[in-house]
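A.B. asks: For reference, this is start-v1.cif, and it has mmCIF, C-alpha atoms.
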```
data_coords
#
loop_
_atom_site.label_atom_id
_atom_site.label_comp_id
_atom_site.auth_asym_id
_atom_site.auth_seq_id
_atom_site.Cartn_x
_atom_site.Cartn_y
_atom_site.Cartn_z
CA MET A 1 169.93 80.36 54.33
CA SER A 2 168.41 79.89 57.78
CA ASN A 3 166.68 76.73 58.99
CA LEU A 4 163.44 78.70 59.31
CA VAL A 5 163.54 79.74 55.66
CA LEU A 6 164.22 76.17 54.55
CA LEU A 7 161.31 75.01 56.67
CA LEU A 8 158.96 77.52 55.10
CA LYS A 9 160.02 76.56 51.60
CA SER A 10 159.74 72.82 52.16
CA LEU A 11 156.38 73.14 53.91
CA LEU A 12 154.96 75.37 51.20
CA PHE A 13 155.85 72.85 48.51
CA GLY A 14 154.68 69.92 50.63
CA LEU A 15 151.26 71.44 51.16
CA PHE A 16 150.58 72.49 47.59
CA LEU A 17 152.27 69.85 45.45
CA THR A 18 149.03 67.90 44.94
CA PRO A 19 146.97 70.86 43.64
CA TRP A 20 149.77 71.76 41.19
CA CYS A 21 149.69 68.25 39.74
CA SER A 22 145.90 68.32 39.52
CA ALA A 23 145.84 71.59 37.65
CA ALA A 24 148.36 70.34 35.13
CA ASN A 25 145.91 67.56 34.19
CA LYS A 26 142.44 69.05 34.02
CA THR A 27 140.77 65.67 33.52
CA ARG A 28 141.99 64.51 36.92
CA GLN A 29 139.63 65.36 39.76
CA PHE A 30 141.11 66.98 42.86
CA HIS A 31 139.08 66.85 46.08
CA PRO A 32 140.98 68.72 48.81
CA GLN A 33 139.98 68.44 52.44
CA SER A 34 138.43 71.69 53.49
CA ARG A 35 138.28 73.68 56.68
CA ILE A 36 140.24 76.36 58.56
CA VAL A 37 141.96 74.71 61.53
CA GLY A 38 139.99 75.32 64.73
CA GLY A 39 137.48 77.54 62.97
CA ALA A 40 133.74 78.10 62.96
CA THR A 41 131.32 77.90 60.04
CA ALA A 42 130.59 81.23 58.38
CA SER A 43 127.02 82.36 57.84
CA GLU A 44 125.81 83.06 54.30
CA GLY A 45 127.07 86.49 53.25
CA GLN A 46 129.38 86.93 56.27
CA PHE A 47 132.44 87.23 53.99
CA PRO A 48 131.06 88.67 50.73
CA HIS A 49 134.58 89.35 49.42
CA GLN A 50 135.64 85.69 49.71
CA VAL A 51 135.87 83.51 46.59
CA SER A 52 136.80 79.93 45.87
CA LEU A 53 139.57 79.72 43.27
CA ARG A 54 139.06 76.65 41.09
CA TRP A 55 141.07 74.54 38.67
CA GLY A 56 139.04 72.31 36.36
CA GLY A 57 135.95 72.91 38.49
CA SER A 58 137.55 71.89 41.81
CA HIS A 59 138.43 74.20 44.71
CA VAL A 60 142.17 74.63 45.29
CA CYS A 61 142.63 78.06 46.88
CA GLY A 62 140.86 81.12 48.22
CA GLY A 63 140.80 84.67 46.95
CA SER A 64 139.32 88.10 47.61
CA ILE A 65 137.23 90.39 45.42
CA ILE A 66 138.88 93.80 45.07
CA SER A 67 136.75 95.04 42.16
CA SER A 68 134.03 93.66 39.91
CA THR A 69 136.69 92.23 37.57
CA TYR A 70 139.71 91.47 39.80
CA ILE A 71 140.49 88.84 42.43
CA VAL A 72 143.64 88.83 44.57
CA THR A 73 145.11 85.46 45.53
CA ALA A 74 148.49 83.82 46.22
CA ALA A 75 150.99 83.51 43.37
CA HIS A 76 151.65 79.84 44.16
CA CYS A 77 147.95 79.16 43.48
CA VAL A 78 148.30 80.12 39.81
CA THR A 79 151.89 79.15 38.94
CA ARG A 80 154.19 76.16 38.68
CA GLY A 81 157.86 75.43 37.98
CA THR A 82 161.15 77.20 38.65
CA PRO A 83 161.22 80.00 37.75
CA PRO A 84 157.46 80.14 38.37
CA LYS A 85 155.26 80.38 35.30
CA ALA A 86 151.58 81.26 35.36
CA PHE A 87 149.03 78.71 34.24
CA PRO A 88 146.88 79.54 31.19
CA PRO A 89 144.00 81.73 32.44
CA ASN A 90 141.41 79.27 31.12
CA TYR A 91 142.52 76.81 33.83
CA ILE A 92 141.07 79.19 36.40
CA SER A 93 137.54 80.01 37.51
CA ILE A 94 136.12 81.48 40.69
CA ARG A 95 132.93 80.97 42.67
CA ALA A 96 131.68 84.06 44.51
CA GLY A 97 128.67 84.68 46.73
CA SER A 98 128.30 81.26 48.36
CA ARG A 99 129.67 79.74 51.54
CA ASN A 100 129.30 76.34 49.85
CA ARG A 101 132.43 75.88 47.78
CA ASP A 102 130.62 73.52 45.35
CA ALA A 103 127.24 75.17 44.76
CA GLY A 104 125.46 78.51 44.48
CA GLY A 105 126.72 81.99 43.83
CA GLN A 106 128.38 83.16 40.62
CA VAL A 107 130.98 81.12 38.72
CA ILE A 108 133.16 83.13 36.32
CA ASP A 109 136.21 82.09 34.28
CA GLY A 110 139.57 83.79 34.48
CA ALA A 111 140.72 85.94 31.54
CA GLU A 112 144.21 87.02 32.63
CA LEU A 113 146.69 86.22 35.41
CA LYS A 114 149.11 88.79 36.80
CA VAL A 115 151.81 87.36 39.07
CA HIS A 116 154.01 89.70 41.12
CA PRO A 117 157.26 90.09 39.15
CA ASP A 118 159.38 89.49 42.27
CA TYR A 119 157.54 86.37 43.41
CA ASP A 120 160.03 83.84 44.80
CA ARG A 121 158.48 80.91 46.69
CA PHE A 122 157.24 82.58 49.89
CA ASP A 123 158.38 86.15 49.09
CA ASN A 124 155.94 88.42 47.20
CA ASP A 125 153.57 85.46 46.96
CA ILE A 126 150.67 87.42 45.51
CA ALA A 127 148.80 87.51 42.20
CA LEU A 128 145.74 88.95 40.48
CA VAL A 129 143.09 87.14 38.47
CA LYS A 130 141.23 89.26 35.92
CA LEU A 131 137.76 87.84 35.28
CA SER A 132 136.23 87.21 31.87
CA LYS A 133 133.17 89.27 32.84
CA PRO A 134 132.26 91.47 35.81
CA LEU A 135 130.77 90.09 38.98
CA LYS A 136 127.25 91.23 39.83
CA PHE A 137 127.50 92.82 43.25
CA ASN A 138 124.80 92.11 45.83
CA GLU A 139 124.60 91.49 49.58
CA HIS A 140 126.62 88.27 49.17
CA VAL A 141 129.16 89.54 46.60
CA LYS A 142 131.15 92.68 47.44
CA ALA A 143 134.63 94.08 46.94
CA ILE A 144 136.84 94.65 49.96
CA ASP A 145 139.05 97.70 50.47
CA LEU A 146 142.84 97.34 50.53
CA VAL A 147 144.80 98.67 53.50
CA GLN A 148 147.74 101.02 53.03
CA HIS A 149 149.20 100.45 56.51
CA GLU A 150 149.84 97.28 58.50
CA PRO A 151 147.34 96.54 61.30
CA PRO A 152 148.60 97.38 64.79
CA THR A 153 150.37 94.65 66.72
CA GLY A 154 148.00 92.66 68.93
CA VAL A 155 144.74 93.35 67.10
CA PRO A 156 142.41 90.49 66.07
CA VAL A 157 142.45 89.58 62.37
CA LEU A 158 139.93 87.28 60.70
CA ALA A 159 141.12 84.54 58.33
CA SER A 160 138.63 82.59 56.24
CA GLY A 161 138.74 79.70 53.78
CA TRP A 162 137.96 76.12 52.86
CA GLY A 163 141.34 74.64 53.86
CA LEU A 164 142.21 71.49 55.81
CA THR A 165 140.94 71.19 59.39
CA LYS A 166 144.37 69.79 60.25
CA ASN A 167 147.09 67.80 58.52
CA GLY A 168 144.98 64.98 57.09
CA GLY A 169 141.81 66.42 58.62
CA SER A 170 138.14 66.01 57.76
CA THR A 171 136.30 67.89 55.04
CA SER A 172 133.58 70.53 55.04
CA LYS A 173 131.86 72.14 52.09
CA TYR A 174 131.16 75.32 54.02
CA LEU A 175 133.36 78.36 54.53
CA GLN A 176 135.19 78.51 57.86
CA TYR A 177 136.82 81.39 59.72
CA ASN A 178 139.06 81.94 62.71
CA THR A 179 140.52 84.86 64.64
CA LEU A 180 144.31 85.30 64.52
CA THR A 181 146.49 88.05 66.01
CA ALA A 182 148.67 90.55 64.13
CA ARG A 183 152.35 90.66 65.15
CA ARG A 184 155.45 92.53 64.09
CA ASN A 185 157.68 90.55 61.73
CA ALA A 186 160.48 90.86 64.29
CA ASP A 187 158.35 88.75 66.65
CA CYS A 188 158.02 85.98 64.06
CA GLY A 189 161.66 85.30 63.19
CA ASN A 190 164.48 87.09 61.43
CA SER A 191 163.76 85.30 58.15
CA THR A 192 160.24 86.71 57.75
CA PRO A 193 160.34 88.86 54.57
CA ASP A 194 159.14 92.47 54.58
CA SER A 195 156.52 91.39 52.03
CA VAL A 196 154.90 89.12 54.64
CA ILE A 197 152.63 89.90 57.58
CA CYS A 198 152.69 87.25 60.32
CA LEU A 199 149.56 86.27 62.25
CA THR A 200 149.82 84.29 65.47
CA HIS A 201 147.40 81.89 67.12
CA GLY A 202 147.19 79.18 69.72
CA ALA A 203 147.83 75.51 69.00
CA GLY A 204 145.06 73.87 67.00
CA ASN A 205 144.18 77.05 65.11
CA GLY A 206 145.24 78.77 61.89
CA VAL A 207 145.17 78.24 58.15
CA CYS A 208 146.02 75.13 56.16
CA SER A 209 146.28 73.74 52.62
CA GLY A 210 143.29 74.94 50.59
CA ASP A 211 143.19 78.27 52.46
CA SER A 212 146.06 79.66 50.37
CA GLY A 213 145.25 82.91 48.59
CA GLY A 214 142.38 83.60 50.96
CA PRO A 215 141.84 86.76 52.98
CA ALA A 216 142.96 88.06 56.33
CA THR A 217 140.82 91.06 57.30
CA TYR A 218 140.89 93.77 59.94
CA LYS A 219 137.99 96.21 60.34
CA ASN A 220 136.49 95.03 57.02
CA THR A 221 139.66 95.76 55.05
CA LEU A 222 142.04 93.29 53.42
CA VAL A 223 145.37 93.11 55.24
CA GLY A 224 146.80 89.76 54.10
CA VAL A 225 146.71 86.93 51.56
CA ALA A 226 147.32 83.44 52.97
CA ASN A 227 150.75 82.05 51.96
CA TYR A 228 152.27 79.46 54.32
CA VAL A 229 152.31 77.73 57.69
CA VAL A 230 155.29 76.60 59.76
CA ASN A 231 155.71 73.17 61.38
CA GLY A 232 152.37 71.95 60.05
CA CYS A 233 148.87 73.37 60.23
CA GLY A 234 147.67 74.49 63.66
CA SER A 235 151.16 74.61 65.19
CA THR A 236 152.17 77.32 67.66
CA PHE A 237 154.20 79.13 64.97
CA ALA A 238 152.78 82.18 63.19
CA ASP A 239 151.15 81.80 59.78
CA GLY A 240 152.54 83.86 56.89
CA PHE A 241 150.36 86.11 54.73
CA SER A 242 151.39 88.41 51.89
CA SER A 243 151.13 91.95 53.19
CA VAL A 244 148.51 93.97 51.33
CA ALA A 245 150.01 97.24 52.61
CA TYR A 246 153.45 96.26 51.27
CA HIS A 247 151.95 95.36 47.86
CA TYR A 248 149.35 98.15 47.81
CA LYS A 249 150.83 100.12 44.89
CA TRP A 250 151.35 97.00 42.78
CA LEU A 251 147.80 95.81 43.43
CA LYS A 252 146.27 99.19 42.60
CA SER A 253 148.32 99.80 39.46
CA ASN A 254 147.69 96.31 38.08
CA SER A 255 143.98 96.14 38.78
CA GLY A 256 143.05 99.48 37.23
CA ASN A 257 141.87 100.88 40.56
#
```
Represent the structure from my file as structure tokens, please.

C.D. replies:
Amino acid sequence: MSNLVLLLKSLLFGLFLTPWCSAANKTRQFHPQSRIVGGATASEGQFPHQVSLRWGGSHVCGGSIISSTYIVTAAHCVTRGTPPKAFPPNYISIRAGSRNRDAGGQVIDGAELKVHPDYDRFDNDIALVKLSKPLKFNEHVKAIDLVQHEPPTGVPVLASGWGLTKNGGSTSKYLQYNTLTARRNADCGNSTPDSVICLTHGAGNGVCSGDSGGPATYKNTLVGVANYVVNGCGSTFADGFSSVAYHYKWLKSNSGN
């Protein structure tokens, strides 16, 4: 196994060990630090597909609305252990329709979790949350279309979430976003799986812990689901996102769309 792959695995576990422990004990409060690295604050309704994925009432990950009853997120946001096992659905809730992760919008419990059957750490790191009741769509709550083809190399892609501003950074309650750049996997290292789309950025930008499961969008379509960073948040290495195009058939067949 290459050094790059080992780095990705160790970093993924390092970033998300604390949320896993919190979810396992619902009485323990988890207060992650929250902001995309190098990002700007989103306006209300700017990302109507974005949700906050919550364990025991606390934000841990992001997600995207793909229908009134289904959210797509990262598999590591809803699993633990080796081999990975999904948490009980009643651990999970989502907040939709608010840029404030802790107030406003619609809060709905999870009813069922569907983890990709080939999920293995950073490969096929994608899952679906079926909601206990449908979302009420409005100008601040909307589904986003799934792409069937990867975005062209070099185009700008928007990433959004409530993740850390940097390793050990300051907190913000409000949704942040940043512009990354789509690249071919071959440009991001030989160990990048086919199931991953890599997005590049300058130093001091990118996603971080708490952004996991959140969206990467191109032309108002969902192209990626935030999975991992390399060499710490805001490094010069590309960030890894589950490819929506690669998982398109699985997402459609498992969400009833």

A.B. asks: When the PyMOL selection byres ((chain A and resi 241) around 8) is applied to the structure above, which residues does it catch, written out as a ChimeraX atom specification?

C.D. replies: /A:196-199,216,224-228,239-240,242-243

A.B. asks: Would you export the selected residues with C-alpha atoms as a PDB file, in the coordinates of the input, please?

C.D. replies:
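Done, and the output landed in part-v4.pdb:
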```pdb
ATOM      1  CA  VAL A 196     154.900  89.120  54.640  1.00  0.00           C
ATOM      2  CA  ILE A 197     152.630  89.900  57.580  1.00  0.00           C
ATOM      3  CA  CYS A 198     152.690  87.250  60.320  1.00  0.00           C
ATOM      4  CA  LEU A 199     149.560  86.270  62.250  1.00  0.00           C
ATOM      5  CA  ALA A 216     142.960  88.060  56.330  1.00  0.00           C
ATOM      6  CA  GLY A 224     146.800  89.760  54.100  1.00  0.00           C
ATOM      7  CA  VAL A 225     146.710  86.930  51.560  1.00  0.00           C
ATOM      8  CA  ALA A 226     147.320  83.440  52.970  1.00  0.00           C
ATOM      9  CA  ASN A 227     150.750  82.050  51.960  1.00  0.00           C
ATOM     10  CA  TYR A 228     152.270  79.460  54.320  1.00  0.00           C
ATOM     11  CA  ASP A 239     151.150  81.800  59.780  1.00  0.00           C
ATOM     12  CA  GLY A 240     152.540  83.860  56.890  1.00  0.00           C
ATOM     13  CA  SER A 242     151.390  88.410  51.890  1.00  0.00           C
ATOM     14  CA  SER A 243     151.130  91.950  53.190  1.00  0.00           C
TER      15      SER A 243
END
```

A.B. asks: Could you list, as a list in words, every residue within 9 Å of segment 186-190 of chain A, counting only C-alpha atoms and ignoring same-chain residues fewer than 2 positions away?

C.D. replies: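 In the requested format, the answer is Ser2, Leu4, Arg183, Arg184, Thr192, Pro193, Cys198, Leu199, Thr200, Phe237 and Ala238 of chain A.
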
A.B. asks: Nearest to Phe47 of chain A: which of A:Gly214, A:Gly104, A:Pro151, A:Pro89 is it, counting only C-alpha atoms?

C.D. replies: A:Gly214

A.B. asks: Could you give me, as a PyMOL selection string, the residues within 12 Å of Leu113 of chain A, counting only C-alpha atoms and dropping anything in the same chain fewer than 5 positions from it?

C.D. replies: chain A and resi 69-79+85-93+126-132+254-255

A.B. asks: Running the PyMOL selection byres ((chain A and resi 204) around 10) on this model by hand, what would come out? Give it as a ChimeraX atom specification.

C.D. replies: /A:37-39,165-166,201-203,205-207,233-236

A.B. asks: From the list A:Gly97, A:Gly45, A:Gly62, A:Gly256, which residue is nearest Ser209 of chain A when using all atoms listed in the file?

C.D. replies: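 Under the stated criterion, the closest residue is A:Gly62.
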
A.B. asks: Ranking A:Ser68, A:Thr82, A:Asn100, A:Ser160 by minimum distance to Asn138 of chain A and counting all atoms listed in the file, which one comes first?

C.D. replies: A:Ser68

A.B. asks: With all atoms listed in the file as the atoms that count, which of A:His116, A:Arg80, A:Arg95, A:His247 lies nearest to Leu53 of chain A?

C.D. replies: A:Arg95

A.B. asks: Which one of A:Ser67, A:Asn124, A:Ser195, A:Ser98 sits closest to Gln50 of chain A if you count only C-alpha atoms?

C.D. replies: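 Counting only C-alpha atoms, the residue closest to Gln50 of chain A is A:Ser98.
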
A.B. asks: From the set A:Arg101, A:Lys114, A:His49, A:Lys173, which residue has the shortest atom-to-atom contact distance to Thr221 of chain A, counting only C-alpha atoms?

C.D. replies: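 Result for the nearest residue to Thr221 of chain A: A:His49.
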
A.B. asks: Kindly give the distance, in Å, that separates atom CA of His149 of chain A and atom CA of Ala245 of chain A, rounded to a single decimal.

C.D. replies: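 Spanning atom CA of His149 of chain A to atom CA of Ala245 of chain A is a straight-line distance of 5.1 Å.
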
A.B. asks: Please indicate the distance in Å from atom CA of Gly154 of chain A to atom CA of Ser191 of chain A, rounded to one decimal place.

C.D. replies: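 Separation of atom CA of Gly154 of chain A and atom CA of Ser191 of chain A: 20.5 Å.
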
A.B. asks: Could you work out how far atom CA of Ser253 of chain A lies from atom CA of Val141 of chain A, giving the answer in Å with one decimal?

C.D. replies: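 Atom CA of Ser253 of chain A lies at a distance of 22.9 Å from atom CA of Val141 of chain A.
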
A.B. asks: For Tyr218 of chain A, list every protein, DNA or RNA residue within 10 Å, evaluated using all atoms listed in the file, and leave out those in the same chain fewer than 4 positions away; present the list as number ranges by chain.

C.D. replies: A: 147, 150-152, 155-159, 182, 222-224
